[in-house]
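J.: Please read through the structure below; I'll follow up with questions.
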Amino acid sequence: MPAPTPEQDRAADLVFGARRELADRYVAHLAGSGIVRGLIGPREVPRLWDRHVLNCAVVEELIPESARVADVGSGAGLPGLTLAIARPDLRVDLIEPLERRVQWLTEVIEDLGLEHVRVHRDRAENLADVVDVDVVTSRAVSALTTLVPWSVPLLHGEGRMLAIKGRSAAEEIAKAEKVIRRAGGGNAVVLTAGRELLPEPTTVVAIDVGSVGGRIGPGGSGR
Ligand SMILES: C[S@@+](CC[C@H](N)C(=O)[O-])C[C@H]1O[C@@H](n2cnc3c(N)ncnc32)[C@H](O)[C@@H]1O
């Protein structure tokens, strides 16, 4: 397993708290069977902690207590599994269409004993009748113009979409304005997570649906 730097070690202790050991085991899975079975590229091993696990886990600060969360296009569980490890109060649905990835996710969830996580082998746009959550997360799945119509229906009129994005976040929001309105999305803003923990905080596009903005607040956490 790749060892975290002292800074990453400190950040991991703060994000995962008493569940840090589960995070270590997840990283070991990523660096082991995750590489062998093509879930993650071998070049990612030295940056598993910062670029993947911590970068995703800090998004937990934008998620209210006991929320139901769906992670669209989970791949190797990013960000969905990091959130489930950091926050046992959440109920997490991972959505991933590829059988090979679903198989790996299922094995990891079982090994880590994450009973509050389930996996759906399907495309997000097929699951509006099955999945009903408060928060929909995603990373590196698609541009907002397609991601919004896949994600917003899973909120059933009330909740928040959180899409991890890079520097183009504001530009993507501008391009997706009409799509967001058509899907029933309200205010779309660029937030950051992990300011206190990471040298480069994570950029997140947050789109509120219904009255959730008033409950969670513009900067995030309702915890
Ligand atoms: C580039 S990977 C990103 C994986 C992970 N979120 C990450 O950040 O490492 C995109 C993932 O989205 C999944 N995907 C593609 N289209 C999808 C859809 N319509 N619904 C759900 N997942 C989808 C792919 O199978 C793939 O696992």
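Identifiers in the structure tokens: chain A, B, ... in order shown; residue index from 1 per chain; ligand index from 1 in order shown.
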List all protein, DNA and RNA residues that have at least one atom no more than 8 Å from any atom of ligand 1, counting only C-alpha atoms and all ligand atoms, and write them as a PDB file with C-alpha atoms, in the first residue's frame.

T.:
```
ATOM      1  CA  ILE A  40      -7.426   2.287 -11.653  1.00  0.00           C
ATOM      2  CA  HIS A  52      -8.213  10.274  -5.240  1.00  0.00           C
ATOM      3  CA  ASP A  71     -22.874   8.257  -6.386  1.00  0.00           C
ATOM      4  CA  VAL A  72     -23.262   8.267 -10.165  1.00  0.00           C
ATOM      5  CA  GLY A  73     -20.508   6.497 -12.138  1.00  0.00           C
ATOM      6  CA  SER A  74     -18.632   5.250  -9.093  1.00  0.00           C
ATOM      7  CA  GLY A  75     -15.892   3.386 -10.955  1.00  0.00           C
ATOM      8  CA  ALA A  76     -13.548   2.299  -8.159  1.00  0.00           C
ATOM      9  CA  GLY A  77     -15.809   3.917  -5.530  1.00  0.00           C
ATOM     10  CA  LEU A  78     -14.770   7.533  -5.987  1.00  0.00           C
ATOM     11  CA  PRO A  79     -16.203   9.471  -4.288  1.00  0.00           C
ATOM     12  CA  ILE A  95     -24.362   3.486  -9.472  1.00  0.00           C
ATOM     13  CA  GLU A  96     -22.063   1.858 -11.996  1.00  0.00           C
ATOM     14  CA  PRO A  97     -23.038   0.148 -15.272  1.00  0.00           C
ATOM     15  CA  LEU A  98     -19.885  -1.927 -15.882  1.00  0.00           C
ATOM     16  CA  ARG A 101     -16.365  -2.662 -11.734  1.00  0.00           C
ATOM     17  CA  ASP A 122     -27.089   0.196 -14.267  1.00  0.00           C
ATOM     18  CA  ARG A 123     -26.875   3.576 -15.900  1.00  0.00           C
ATOM     19  CA  ALA A 124     -28.070   6.466 -13.723  1.00  0.00           C
ATOM     20  CA  GLU A 125     -30.712   7.521 -16.243  1.00  0.00           C
ATOM     21  CA  SER A 138     -20.185  12.268  -9.053  1.00  0.00           C
ATOM     22  CA  ARG A 139     -16.627  12.716 -10.265  1.00  0.00           C
ATOM     23  CA  ALA A 140     -15.210  12.520 -13.789  1.00  0.00           C
ATOM     24  CA  VAL A 141     -18.376  11.048 -15.268  1.00  0.00           C
ATOM     25  CA  SER A 142     -19.615  13.553 -17.835  1.00  0.00           C
ATOM     26  CA  TRP A 150     -28.940  11.840 -15.162  1.00  0.00           C
TER      27      TRP A 150
END
```

J.: Which polymer residues have any atom within 8 Å of an atom of A:Ile207, counting only C-alpha atoms, with same-chain residues fewer than 6 positions away left out, as number ranges by chain?

T.: A: 160-162, 185-189

J.: Report, in Å to a single decimal, how far apart atom CA of A:Ala170 and atom CA of A:Gly184 are.

T.: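 Atom CA of A:Gly184 sits 19.1 Å away from atom CA of A:Ala170.
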
J.: Using only C-alpha atoms, determine which residues lie at most 7 Å from A:Ala169, disregarding the query and same-chain residues fewer than 3 positions distant; provide the list as a list in words.

T.: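 Neighbouring residues, sequence-local ones excluded: Lys165, Gly166, Glu172, Ile173, Val190 and Val205 of chain A.
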
J.: Would you pick out the contacts of A:Ala57 at 8 Å or less, using only C-alpha atoms, so that residues sharing its chain but fewer than 5 positions from it are not included, and give the list as a list in words?

T.: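 What passes the distance filter is Val15, Pro79, Thr82, Leu83 and Ala86 of chain A.
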
J.: Write a file of the selected residues as an mmCIF file, in the first residue's frame, keeping N, CA and C atoms.

T.:
```cif
data_model
loop_
_atom_site.group_PDB
_atom_site.id
_atom_site.type_symbol
_atom_site.label_atom_id
_atom_site.label_comp_id
_atom_site.auth_asym_id
_atom_site.auth_seq_id
_atom_site.Cartn_x
_atom_site.Cartn_y
_atom_site.Cartn_z
ATOM 1 N N VAL A 15 -10.224 13.374 8.439
ATOM 2 C CA VAL A 15 -11.434 13.075 7.647
ATOM 3 C C VAL A 15 -12.071 11.761 8.099
ATOM 4 N N PRO A 79 -16.446 9.309 -5.717
ATOM 5 C CA PRO A 79 -16.203 9.471 -4.288
ATOM 6 C C PRO A 79 -17.035 8.554 -3.368
ATOM 7 N N THR A 82 -15.428 6.520 -0.433
ATOM 8 C CA THR A 82 -14.711 7.360 0.541
ATOM 9 C C THR A 82 -15.721 8.029 1.479
ATOM 10 N N LEU A 83 -16.866 8.422 0.923
ATOM 11 C CA LEU A 83 -17.905 9.064 1.748
ATOM 12 C C LEU A 83 -18.496 8.057 2.728
ATOM 13 N N ALA A 86 -15.971 7.511 5.518
ATOM 14 C CA ALA A 86 -15.870 8.654 6.440
ATOM 15 C C ALA A 86 -17.138 8.846 7.265
#
```

J.: Please, which residues of stretch 17-162 of chain A, numbered as in this document, come out helix (DSSP H, G or I) from DSSP, as a PyMOL selection string?

T.: chain A and resi 17-36+42-62+80-86+99-112+124-126+144-155

J.: Run DSSP on the backbone and tell me which residues of stretch 14-153 of chain A come out as strand (DSSP E); list them as an NGL selection string.

T.: :A and (68-72 or 91-95 or 117-120 or 135-139)

J.: Considering only C-alpha atoms, can you say which of A:Met1, A:Leu22, A:Leu81, A:Ala163 comes closest to A:Thr202?

T.: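 Smallest separation from A:Thr202 among the options: A:Ala163.
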
J.: Could you please determine the separation between atom CA of A:Val135 and atom CA of A:Asp93 in Å, to one decimal place?

T.: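 For atom CA of A:Val135 relative to atom CA of A:Asp93, the distance reads 10.4 Å.
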
J.: Taking only C-alpha atoms into account, which of A:Leu144, A:Leu30, A:Ala174, A:Val212 comes nearest A:Pro64?

T.: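 Answer, going by the shortest atom-to-atom distance: A:Val212.
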
J.: Neighbouring residues of A:Arg182 were defined as those with any atom within 12 Å, considering only C-alpha atoms; residues of the same chain fewer than 2 positions away were excluded. Please report them as a CSV table (one decimal) with C-alpha atoms, in the first residue's frame.

T.:
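Full text of result.csv as output:
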```csv
chain,number,residue,atom,x,y,z
A,145,THR,CA,-25.1,19.1,-19.7
A,148,VAL,CA,-27.6,17.0,-14.7
A,149,PRO,CA,-30.4,15.1,-16.5
A,152,VAL,CA,-31.4,15.5,-10.7
A,153,PRO,CA,-34.3,12.9,-11.2
A,176,ALA,CA,-25.5,24.0,-18.7
A,177,GLU,CA,-27.8,26.8,-17.6
A,178,LYS,CA,-30.8,25.8,-19.7
A,179,VAL,CA,-30.4,22.1,-19.0
A,180,ILE,CA,-30.3,22.8,-15.3
A,184,GLY,CA,-35.8,21.4,-12.3
A,185,GLY,CA,-32.5,22.4,-10.8
A,186,GLY,CA,-32.3,25.8,-8.9
A,209,VAL,CA,-33.3,21.3,-6.1
```
